[in-house]
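Heads up, the thing below is written out as structure tokens.
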Protein chains: 4
Amino acid sequence: MTPSRRTTGTDPFDPVPADRFTFGLWTVGNPGRDPFGAPVRARLSPARIVEKLAECGAMGVNLHDEDLVPFGSSAAQRDALVREFKRALADHGMVVPMATTNLFSHPVFKDGAFSANDPQVRAFALRKTLDAIDLGVELGATTYVFWGGREGSEADACRDPRLALQRLRDALDFLCGYVQDQGYDLRFALEAKPNEPRGDIYLPTTGHMLHFISTLQHADMVGVNPEVAHETMAGLSFAHGVAQAMEAGKLYHIDLNAQRIGRYDQDLRFGSEDVRQAFLLVRLLEGTLGGARYEGPRHFDAHAYRTEDEQGVWEFARGCMRTYKILHARAVAFDADPEVRALTAELSDRELDPLLAGFAREKVAKLRAAQIDVDAVAQRGLGYERLDQLMLEHLLGVRGA
Amino acid sequence: MTPSRRTTGTDPFDPVPADRFTFGLWTVGNPGRDPFGAPVRARLSPARIVEKLAECGAMGVNLHDEDLVPFGSSAAQRDALVREFKRALADHGMVVPMATTNLFSHPVFKDGAFSANDPQVRAFALRKTLDAIDLGVELGATTYVFWGGREGSEADACRDPRLALQRLRDALDFLCGYVQDQGYDLRFALEAKPNEPRGDIYLPTTGHMLHFISTLQHADMVGVNPEVAHETMAGLSFAHGVAQAMEAGKLYHIDLNAQRIGRYDQDLRFGSEDVRQAFLLVRLLEGTLGGARYEGPRHFDAHAYRTEDEQGVWEFARGCMRTYKILHARAVAFDADPEVRALTAELSDRELDPLLAGFAREKVAKLRAAQIDVDAVAQRGLGYERLDQLMLEHLLGVRGA
Amino acid sequence: MTPSRRTTGTDPFDPVPADRFTFGLWTVGNPGRDPFGAPVRARLSPARIVEKLAECGAMGVNLHDEDLVPFGSSAAQRDALVREFKRALADHGMVVPMATTNLFSHPVFKDGAFSANDPQVRAFALRKTLDAIDLGVELGATTYVFWGGREGSEADACRDPRLALQRLRDALDFLCGYVQDQGYDLRFALEAKPNEPRGDIYLPTTGHMLHFISTLQHADMVGVNPEVAHETMAGLSFAHGVAQAMEAGKLYHIDLNAQRIGRYDQDLRFGSEDVRQAFLLVRLLEGTLGGARYEGPRHFDAHAYRTEDEQGVWEFARGCMRTYKILHARAVAFDADPEVRALTAELSDRELDPLLAGFAREKVAKLRAAQIDVDAVAQRGLGYERLDQLMLEHLLGVRGA
Amino acid sequence: MTPSRRTTGTDPFDPVPADRFTFGLWTVGNPGRDPFGAPVRARLSPARIVEKLAECGAMGVNLHDEDLVPFGSSAAQRDALVREFKRALADHGMVVPMATTNLFSHPVFKDGAFSANDPQVRAFALRKTLDAIDLGVELGATTYVFWGGREGSEADACRDPRLALQRLRDALDFLCGYVQDQGYDLRFALEAKPNEPRGDIYLPTTGHMLHFISTLQHADMVGVNPEVAHETMAGLSFAHGVAQAMEAGKLYHIDLNAQRIGRYDQDLRFGSEDVRQAFLLVRLLEGTLGGARYEGPRHFDAHAYRTEDEQGVWEFARGCMRTYKILHARAVAFDADPEVRALTAELSDRELDPLLAGFAREKVAKLRAAQIDVDAVAQRGLGYERLDQLMLEHLLGVRGA
């Protein structure tokens, strides 16, 4: 039952805890149910998942409240489950860096949780989240994710979308207040998604989410948790969205997986679709192109195909991590390639550069007077086909490997 | 050559200036060139456009600098063109509420304008915009739009996307400084687009743009100009994006047209695709569902099919405006329908409502103690199929007409 | 529990059996489970569905084998269920025009049914279909639908796609043989879908399916069952796909619902998205633009939102049918509008027309010698903006209502 | 001006004529005009293109009539251009395997060519194609491509789509007749595209085209020319579409490039987007997975970014060819990998296999009686995550390189 090709550390792409890889309990634990089919795998216990992920080289696991404590459990049941889970974590040297709330499975959330029209639903969602935050903190989480899967609509007339935003803001302001009042060492990370399971979900992209955060009472403790699949569904550049979050100091967490554009939420093995975007992402997260590096866990929010048994699940998990490491190595080599560096070297202009940053009245006249040979500039070839081909050849392992 | 079915004011959907409709010079003036074909119509002079749009019932026209003053014109040529254009405006009682810069047609902008790697390009783009702002203000514009069509990439390794954002920010901060220094009565409206003509454009949606604005030095004078086609290309709900901008007080301008999801930029006649979203949009802009109303011009950024001659262009223009007015009437009737009002009446809960807005330590215990019958709430049907069908029947003119 | 606004025949858009509307048992019977949430409604018995649909004005119901006879039922159980169901049909004057096989829910089909790599799975799928055909015929069905939801892949290397086509062909040839051998009065209708639940499904569109049919042994008894949502997911014109099937005499059945482009399979209430395409479709099916009319049942393959209770389900069902009838009325009026007829009148050319149909050597010289004023033809405006606006105004009930 | 890194045959991925690579004159000759911008590069003469492509290692060039002979040229001009072009071909050992007609650029085709409503347009399109076929044959082409870029609609009411199909059929039947009558050694290859430049194009995918071909008078001389970008725009699996054409013996030509799903027609450097699909395609074309191999030219229908000068164009061309060769090598290694072979070995079942191919009455009872342990089969894991990860690691050059 151990991964069949487990190497003894000689393969440089085999994962180790120092790589800081994490998986959700719900990811490797996914039983393979889909809208058209029944589960194909038995549920794995949280303890089993912890043991096997440790064996595969992961650093930790993340969870929704209900992944560990089923809906409706008594306090005693909860405590027993938590105890057992903590023991498994300790036994295998695993941690829980992130936790979240399931606000989408139970029918009570069918019209949304924090944005539902019924105040009873909103109150219940808030209360469930308070408990789930306590649980996360108890398990050591320092990041708390919010994915509002049901915060949306199909019959759009049911709710003014501005009212939905106000309700979402009220909920997050309340919960930030709670965390601060409790003195928890916890940051929030908001996760956007354009649609599914709702026809349209409010705050559909990381961009919308970043703006929404800027309107919160405690904006300083709230960042984003972008997910590859979610931005990709809308055909957006994932790397660009992540870059905007990084530039704003708001990339608190990340959900790694793969997805084809314009489809149902696939949550495929990391890198298995659009390996080019995956490369651009890893390059950005690992800072090989310069600039700040992402410091949080490398979290996979994906699941194995429905064709797999448990053995296939662990192959899937190892595949996610290996591909990340391979892409990291490719990114290091690409950004160190002298030809790449030559093609991307920053141009500077002693006269113009000072005019371009920071307005001052006297710069206007200088700008208007500057000698710029527009036609000559326009005719200059930029070598981007060569640059992009170099990137592809690095990616394919033909160059610099 | 006058629109063939021009009524004498008896048709309630025929446009009048009080409706505040505007078109870009480049829209009705579009000669029908596309990536695979040559122009099919002669260019119309700005004066001709002003005359005909006035005849069709529009309030004004908007323009890029080059729509009026061709690239490379001398100062004398420019002044003559402006004089002639102002005379046409005066003759026909038309105004210019919005102006913008063409930073995408000339080859010098092939790698971007404000975000280009070459400082000469960035300086030239800035300078061109200073001149274009002066032109717009001279013509009476109070809104200045920025669409960064070339601010993007195909070979993504050519530029750190964070650097692109910083350059865009520098440019806008500079230009805000200029406007304030000049004492112009002018606000900026930023227009997002996910792709085309670049593979990926930075700041791809209204959400990303709203966040970017929050990072500007003079954020208070900068809002958004969402375009139906641009958000729709990515399959996002246009009404939700506009609602987020309205809630933030940032809807400064709007580009109305039509588009199918996941395609090239179509710029079709308003309402001619996804009439349901068009209805939701008009409802929001006109405030028939309650809440603030959009006060700016109703601007159309669309063009006639390539199958049309000039006569077809004016049919196209009248069609845009008529459809807007029909949808407005439908929205009024829908939101006044007693059955709709009953289905969307806000639920209140005397006990819970005060707990949900604003954190206070004592609310936590009350929330945890509140009686909520989760199963009963979950089982309640919400009548949204009925609500949505009512919306459709209003739209189709079967009910309430 | 009866539809609240049931009129007594005075509303011209209320459905009656002569309209030939049908629903699947699985559509109104859908309990509202989705990939992220539990069921929200109790399952309805087939008898209950029959009764209520009859009350709503439908003509019949369609079914998968397992909608009536759960997987693993004994022969006695099956017979009892069939007996009871037939009684309900008779009691309410309802018919079963179409039946199909569930080859996607059970885990055994996780790698496909007819195209699975394991011959045991292929044999089991074939056998299950033989039984389901017998069941359908016993219930009176004359159309048998095949939707191969699992016939696809994520890890594409698992199977040569040509081999998959060959296996699908083998299965259909076998089943055609069976139907003919049994002397059943039954035609097959194949249903395409591009993806979901598989990453890619073989034969992804109605076009691919039509070609595949042309390679079958008994192509004459096999046609297509296009579904609005399935072609729309890929952004294709549904009306064009249906038109190609009709022109080929292959439109044997149809699945009506609504869907936004580039999303998970939504199966929304007919007409509730892209009402323009829905109009074009109804116009084609009902033959109001001339040409052959579709003679089969108007079948809805959709389900109510998850926000609905049972009452909402029947509102949903009535909505599907009402919208179809409204669009039908709009199509009749549009195609009878004299201005529309003038704009779409077929052009003829006494000299050229005979040259264009059917090759003959002497036509070549005539064609080369014909006087064609290319520039004059190119400059002629075609009035399509006007035509399209007329269509929209008919749709919105402003004109001709 | 020669490619800067031209190796002297030591790099195994550098192209040579035996690789049978071809480019369109319009591809490397593309001057970089797009809907929002002016050309950035001077037009290259056909002779120059021939010379440079030969230098880059290509085997030949393909062309539209107007790529060589501008619209409206006299017979003498045409003959001079052809003579000069033939000399360039001879000088550089290049061939013209494919030719096609430009039926989309001139305004006369604004409403379609073969399907236009005006018989004068249809006659002119036919005549232009007769001349272009003569030209192609004169240059040695044995494949003639039809891309009906304007055969579609925006205002769909303008034409019954069934009438459009009939007109397209008439044109192709006529042209097949002409080719046969002339005794030309020429096959037709039809190219589908879902949209752009028209809102919807008739026969939008390779599947629709394959079916349409089956309705032609001379179906035996007509196949398809699938284009990566065109199927990918609709999010379909390109490899599956090509496989269906290959299985039907109808893959007569191919257009290689790259494209992101759900966008304007990008025509990017081959392999530069979705390298996974590109790998699956090359594997299929080269037959490394078994089965028939594609024997036609490997034709690139792509163009260089607008950021490039002429030097960049030749980098682009070399990149297309190099990537194809790298992927070919990866495919060979992948399909030879013993672990891959084990995972994809065909399962056989001595009892069941004979029952599955070809109907016979006695097989029905055997099938019904066969022992199949459904639960055991359902629980078997298929190892597809491992298989797919192996594919990715081959692709990235980590394994088997």
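So you can find residues: chains in the structure tokens are A, B, ... in the order shown, residues in each start at 1, and ligands are numbered from 1 in order.
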Select all residues from chain B having any atom no more than 8 Å from an atom of chain C (counting only C-alpha atoms, ignoring ligands), output as an NGL selection string. :B and (40-41 or 235 or 261-262 or 272-276 or 304-305 or 307-313 or 315-316 or 319 or 323 or 326 or 378-386 or 388-389 or 392-393 or 395-398)
Could you dump the residues just selected with N, CA and C atoms as a short mmCIF file (atom, residue, chain, number, x, y, z; two decimals), in the first residue's frame?
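New file part.cif:
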```cif
data_model
loop_
_atom_site.label_atom_id
_atom_site.label_comp_id
_atom_site.auth_asym_id
_atom_site.auth_seq_id
_atom_site.Cartn_x
_atom_site.Cartn_y
_atom_site.Cartn_z
N VAL B 40 -15.52 48.15 -45.13
CA VAL B 40 -16.67 48.05 -46.04
C VAL B 40 -17.41 49.37 -46.17
N ARG B 41 -17.07 50.30 -45.32
CA ARG B 41 -17.77 51.59 -45.35
C ARG B 41 -16.74 52.71 -45.37
N GLY B 235 -17.05 35.52 -19.09
CA GLY B 235 -18.18 34.79 -18.54
C GLY B 235 -18.63 35.28 -17.18
N ILE B 261 -20.17 35.07 -24.61
CA ILE B 261 -19.09 34.62 -23.72
C ILE B 261 -18.02 33.87 -24.52
N GLY B 262 -16.76 34.11 -24.15
CA GLY B 262 -15.68 33.27 -24.67
C GLY B 262 -15.37 33.48 -26.13
N SER B 272 -28.44 42.93 -27.95
CA SER B 272 -28.66 41.93 -29.00
C SER B 272 -28.12 40.55 -28.62
N GLU B 273 -27.33 40.46 -27.59
CA GLU B 273 -26.99 39.17 -26.98
C GLU B 273 -27.26 39.26 -25.48
N ASP B 274 -27.66 38.16 -24.88
CA ASP B 274 -27.89 38.09 -23.43
C ASP B 274 -28.78 39.24 -22.94
N VAL B 275 -29.99 39.23 -23.45
CA VAL B 275 -30.94 40.30 -23.12
C VAL B 275 -31.30 40.24 -21.63
N ARG B 276 -31.16 39.08 -21.04
CA ARG B 276 -31.43 38.93 -19.61
C ARG B 276 -30.43 39.74 -18.77
N ALA B 304 -21.77 48.79 -35.89
CA ALA B 304 -22.70 48.07 -36.77
C ALA B 304 -22.00 46.88 -37.42
N TYR B 305 -22.78 45.87 -37.75
CA TYR B 305 -22.24 44.71 -38.49
C TYR B 305 -21.51 45.20 -39.74
N THR B 307 -21.99 44.01 -42.51
CA THR B 307 -22.92 43.89 -43.65
C THR B 307 -23.64 45.20 -43.96
N GLU B 308 -23.42 46.22 -43.15
CA GLU B 308 -24.25 47.43 -43.25
C GLU B 308 -23.58 48.56 -44.03
N ASP B 309 -24.40 49.35 -44.69
CA ASP B 309 -23.96 50.63 -45.23
C ASP B 309 -24.30 51.72 -44.20
N GLU B 310 -24.19 52.98 -44.59
CA GLU B 310 -24.39 54.03 -43.59
C GLU B 310 -25.81 53.99 -43.01
N GLN B 311 -26.77 53.72 -43.84
CA GLN B 311 -28.15 53.61 -43.36
C GLN B 311 -28.25 52.58 -42.23
N GLY B 312 -27.57 51.47 -42.40
CA GLY B 312 -27.57 50.43 -41.38
C GLY B 312 -26.92 50.89 -40.09
N VAL B 313 -25.93 51.79 -40.22
CA VAL B 313 -25.27 52.30 -39.02
C VAL B 313 -26.25 53.07 -38.16
N GLU B 315 -29.52 52.75 -38.17
CA GLU B 315 -30.47 51.76 -37.60
C GLU B 315 -29.87 51.13 -36.35
N PHE B 316 -28.59 50.80 -36.47
CA PHE B 316 -27.88 50.23 -35.34
C PHE B 316 -27.92 51.17 -34.13
N GLY B 319 -31.29 51.35 -32.64
CA GLY B 319 -31.58 50.07 -31.98
C GLY B 319 -30.99 50.02 -30.58
N THR B 323 -33.62 49.72 -27.42
CA THR B 323 -33.59 48.54 -26.56
C THR B 323 -33.37 48.95 -25.10
N ILE B 326 -36.68 50.21 -23.85
CA ILE B 326 -37.65 49.12 -23.66
C ILE B 326 -37.31 48.37 -22.37
N ALA B 378 -34.05 24.95 6.39
CA ALA B 378 -33.51 24.30 5.19
C ALA B 378 -34.61 23.84 4.25
N GLN B 379 -35.74 23.45 4.80
CA GLN B 379 -36.81 22.88 3.98
C GLN B 379 -37.69 23.92 3.30
N ARG B 380 -37.59 25.14 3.73
CA ARG B 380 -38.44 26.19 3.18
C ARG B 380 -38.11 26.46 1.70
N GLY B 381 -39.12 26.41 0.86
CA GLY B 381 -38.91 26.74 -0.56
C GLY B 381 -38.87 28.25 -0.74
N LEU B 382 -38.04 28.73 -1.64
CA LEU B 382 -37.84 30.17 -1.72
C LEU B 382 -38.54 30.84 -2.90
N GLY B 383 -39.17 30.04 -3.75
CA GLY B 383 -39.97 30.64 -4.83
C GLY B 383 -39.15 31.34 -5.90
N TYR B 384 -37.88 30.98 -6.05
CA TYR B 384 -37.04 31.68 -7.02
C TYR B 384 -37.32 31.26 -8.47
N GLU B 385 -37.81 30.04 -8.66
CA GLU B 385 -38.21 29.67 -10.03
C GLU B 385 -39.37 30.55 -10.48
N ARG B 386 -40.33 30.73 -9.58
CA ARG B 386 -41.46 31.60 -9.90
C ARG B 386 -40.97 33.04 -10.17
N ASP B 388 -38.05 34.09 -11.14
CA ASP B 388 -37.28 34.21 -12.37
C ASP B 388 -38.19 34.10 -13.59
N GLN B 389 -39.21 33.27 -13.49
CA GLN B 389 -40.15 33.16 -14.61
C GLN B 389 -40.93 34.46 -14.76
N LEU B 392 -38.75 36.76 -16.65
CA LEU B 392 -38.72 36.43 -18.06
C LEU B 392 -40.01 36.88 -18.75
N GLU B 393 -41.14 36.69 -18.09
CA GLU B 393 -42.41 37.06 -18.73
C GLU B 393 -42.57 38.58 -18.82
N LEU B 395 -39.94 40.49 -19.26
CA LEU B 395 -38.99 40.78 -20.33
C LEU B 395 -39.63 40.55 -21.70
N LEU B 396 -40.36 39.45 -21.81
CA LEU B 396 -40.97 39.07 -23.09
C LEU B 396 -42.27 39.83 -23.36
N GLY B 397 -42.64 40.69 -22.43
CA GLY B 397 -43.81 41.54 -22.66
C GLY B 397 -45.13 40.82 -22.48
N VAL B 398 -45.10 39.66 -21.80
CA VAL B 398 -46.35 38.92 -21.61
C VAL B 398 -47.08 39.41 -20.38
#
```
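Those residues of segment 22-114 of chain A that DSSP, working from the backbone, places in strand (DSSP E) are Thr22, Phe23, Gly24, Gly60, Val61, Asn62, Leu63, His64, Met98, Ala99 and Thr100 of chain A.
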Would you export the selected residues with N, CA, C and O atoms as a PDB file, in the first residue's frame, please?
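Now in again.pdb:
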```pdb
ATOM      1  N   THR A  22       1.200  20.999   1.634  1.00  0.00           N
ATOM      2  CA  THR A  22       0.043  20.574   2.431  1.00  0.00           C
ATOM      3  C   THR A  22      -1.098  20.160   1.497  1.00  0.00           C
ATOM      4  O   THR A  22      -1.156  20.569   0.338  1.00  0.00           O
ATOM      5  N   PHE A  23      -1.994  19.351   2.036  1.00  0.00           N
ATOM      6  CA  PHE A  23      -3.206  18.914   1.330  1.00  0.00           C
ATOM      7  C   PHE A  23      -4.397  19.099   2.266  1.00  0.00           C
ATOM      8  O   PHE A  23      -4.250  18.985   3.485  1.00  0.00           O
ATOM      9  N   GLY A  24      -5.570  19.336   1.701  1.00  0.00           N
ATOM     10  CA  GLY A  24      -6.778  19.308   2.513  1.00  0.00           C
ATOM     11  C   GLY A  24      -7.182  17.878   2.831  1.00  0.00           C
ATOM     12  O   GLY A  24      -6.955  16.981   2.020  1.00  0.00           O
ATOM     13  N   GLY A  60       1.898  19.027   6.057  1.00  0.00           N
ATOM     14  CA  GLY A  60       0.718  19.181   6.891  1.00  0.00           C
ATOM     15  C   GLY A  60      -0.584  18.948   6.155  1.00  0.00           C
ATOM     16  O   GLY A  60      -0.590  18.609   4.968  1.00  0.00           O
ATOM     17  N   VAL A  61      -1.667  19.084   6.918  1.00  0.00           N
ATOM     18  CA  VAL A  61      -3.019  18.934   6.365  1.00  0.00           C
ATOM     19  C   VAL A  61      -3.868  20.118   6.791  1.00  0.00           C
ATOM     20  O   VAL A  61      -3.684  20.692   7.865  1.00  0.00           O
ATOM     21  N   ASN A  62      -4.835  20.457   5.958  1.00  0.00           N
ATOM     22  CA  ASN A  62      -5.791  21.516   6.247  1.00  0.00           C
ATOM     23  C   ASN A  62      -7.182  20.902   6.269  1.00  0.00           C
ATOM     24  O   ASN A  62      -7.382  19.797   5.778  1.00  0.00           O
ATOM     25  N   LEU A  63      -8.134  21.625   6.816  1.00  0.00           N
ATOM     26  CA  LEU A  63      -9.457  21.003   6.935  1.00  0.00           C
ATOM     27  C   LEU A  63     -10.602  21.997   7.065  1.00  0.00           C
ATOM     28  O   LEU A  63     -10.432  23.112   7.528  1.00  0.00           O
ATOM     29  N   HIS A  64     -11.788  21.569   6.604  1.00  0.00           N
ATOM     30  CA  HIS A  64     -13.057  22.177   6.976  1.00  0.00           C
ATOM     31  C   HIS A  64     -13.470  21.582   8.320  1.00  0.00           C
ATOM     32  O   HIS A  64     -13.141  20.425   8.610  1.00  0.00           O
ATOM     33  N   MET A  98      -3.805  25.620   8.134  1.00  0.00           N
ATOM     34  CA  MET A  98      -4.989  26.354   7.682  1.00  0.00           C
ATOM     35  C   MET A  98      -6.254  25.588   8.017  1.00  0.00           C
ATOM     36  O   MET A  98      -6.268  24.357   7.985  1.00  0.00           O
ATOM     37  N   ALA A  99      -7.306  26.317   8.356  1.00  0.00           N
ATOM     38  CA  ALA A  99      -8.618  25.696   8.555  1.00  0.00           C
ATOM     39  C   ALA A  99      -9.679  26.566   7.901  1.00  0.00           C
ATOM     40  O   ALA A  99      -9.435  27.731   7.579  1.00  0.00           O
ATOM     41  N   THR A 100     -10.862  25.983   7.742  1.00  0.00           N
ATOM     42  CA  THR A 100     -11.955  26.701   7.080  1.00  0.00           C
ATOM     43  C   THR A 100     -13.297  26.108   7.511  1.00  0.00           C
ATOM     44  O   THR A 100     -13.328  25.105   8.227  1.00  0.00           O
TER      45      THR A 100
END
```
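Taking atom CA of Thr129 of chain C and atom CA of Arg368 of chain D as the two end points, the separation is 10.9 Å.
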Hey, what's within 9 Å of Ala243 of chain A if we count only C-alpha atoms and toss same-chain stuff fewer than 6 positions away? As a ChimeraX atom specification, please? /A:251,281,284-285 /B:160-162
Neighbouring residues of Pro354 of chain D were defined as those with any atom within 12 Å, considering only C-alpha atoms; residues of the same chain fewer than 6 positions away were excluded. Please report them as JSON, numbers by chain. {"C": [119, 120, 122, 123, 170, 174], "D": [348, 360, 362, 363, 364, 366, 367]}
Using only C-alpha atoms, the shortest atom-to-atom distance to Pro338 of chain A among A:Gly400, A:Arg283, A:Ala192, A:Leu210 belongs to A:Gly400
Check the smallest atom-to-atom distance from each of D:Phe212, D:Tyr294, D:Trp147, D:Tyr178 to Lys193 of chain D using only C-alpha atoms, then report the winner. D:Trp147
Filtered DSSP result for segment 208-281 of chain D, state alpha helix (DSSP H), as a PyMOL selection string: chain D and resi 208-213+228-233+238-247+275-281
Write out as a PyMOL selection string the residues lying within 6 Å of Ala47 of chain D, counting only C-alpha atoms and excluding same-chain residues fewer than 2 positions away. chain D and resi 45+49-50+85+88
So how far away is atom CA of Arg293 of chain A from atom CA of Met321 of chain A, in Å? 18.3 Å
Shell of 8 Å around Ile201 of chain B, only C-alpha atoms, local chain residues under 3 positions omitted, as number ranges by chain: B: 148-153, 193-196, 198, 204
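The coordinates place atom CA of Gln244 of chain C at 20.7 Å from atom CA of Asp335 of chain C.
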When you look at Ala345 of chain C with a cut-off of 10 Å (counting only C-alpha atoms), what residues show up, excluding the ones that are within fewer than 4 positions of it in the same chain? I need them as a ChimeraX atom specification. /C:339-341 /D:117,158-159
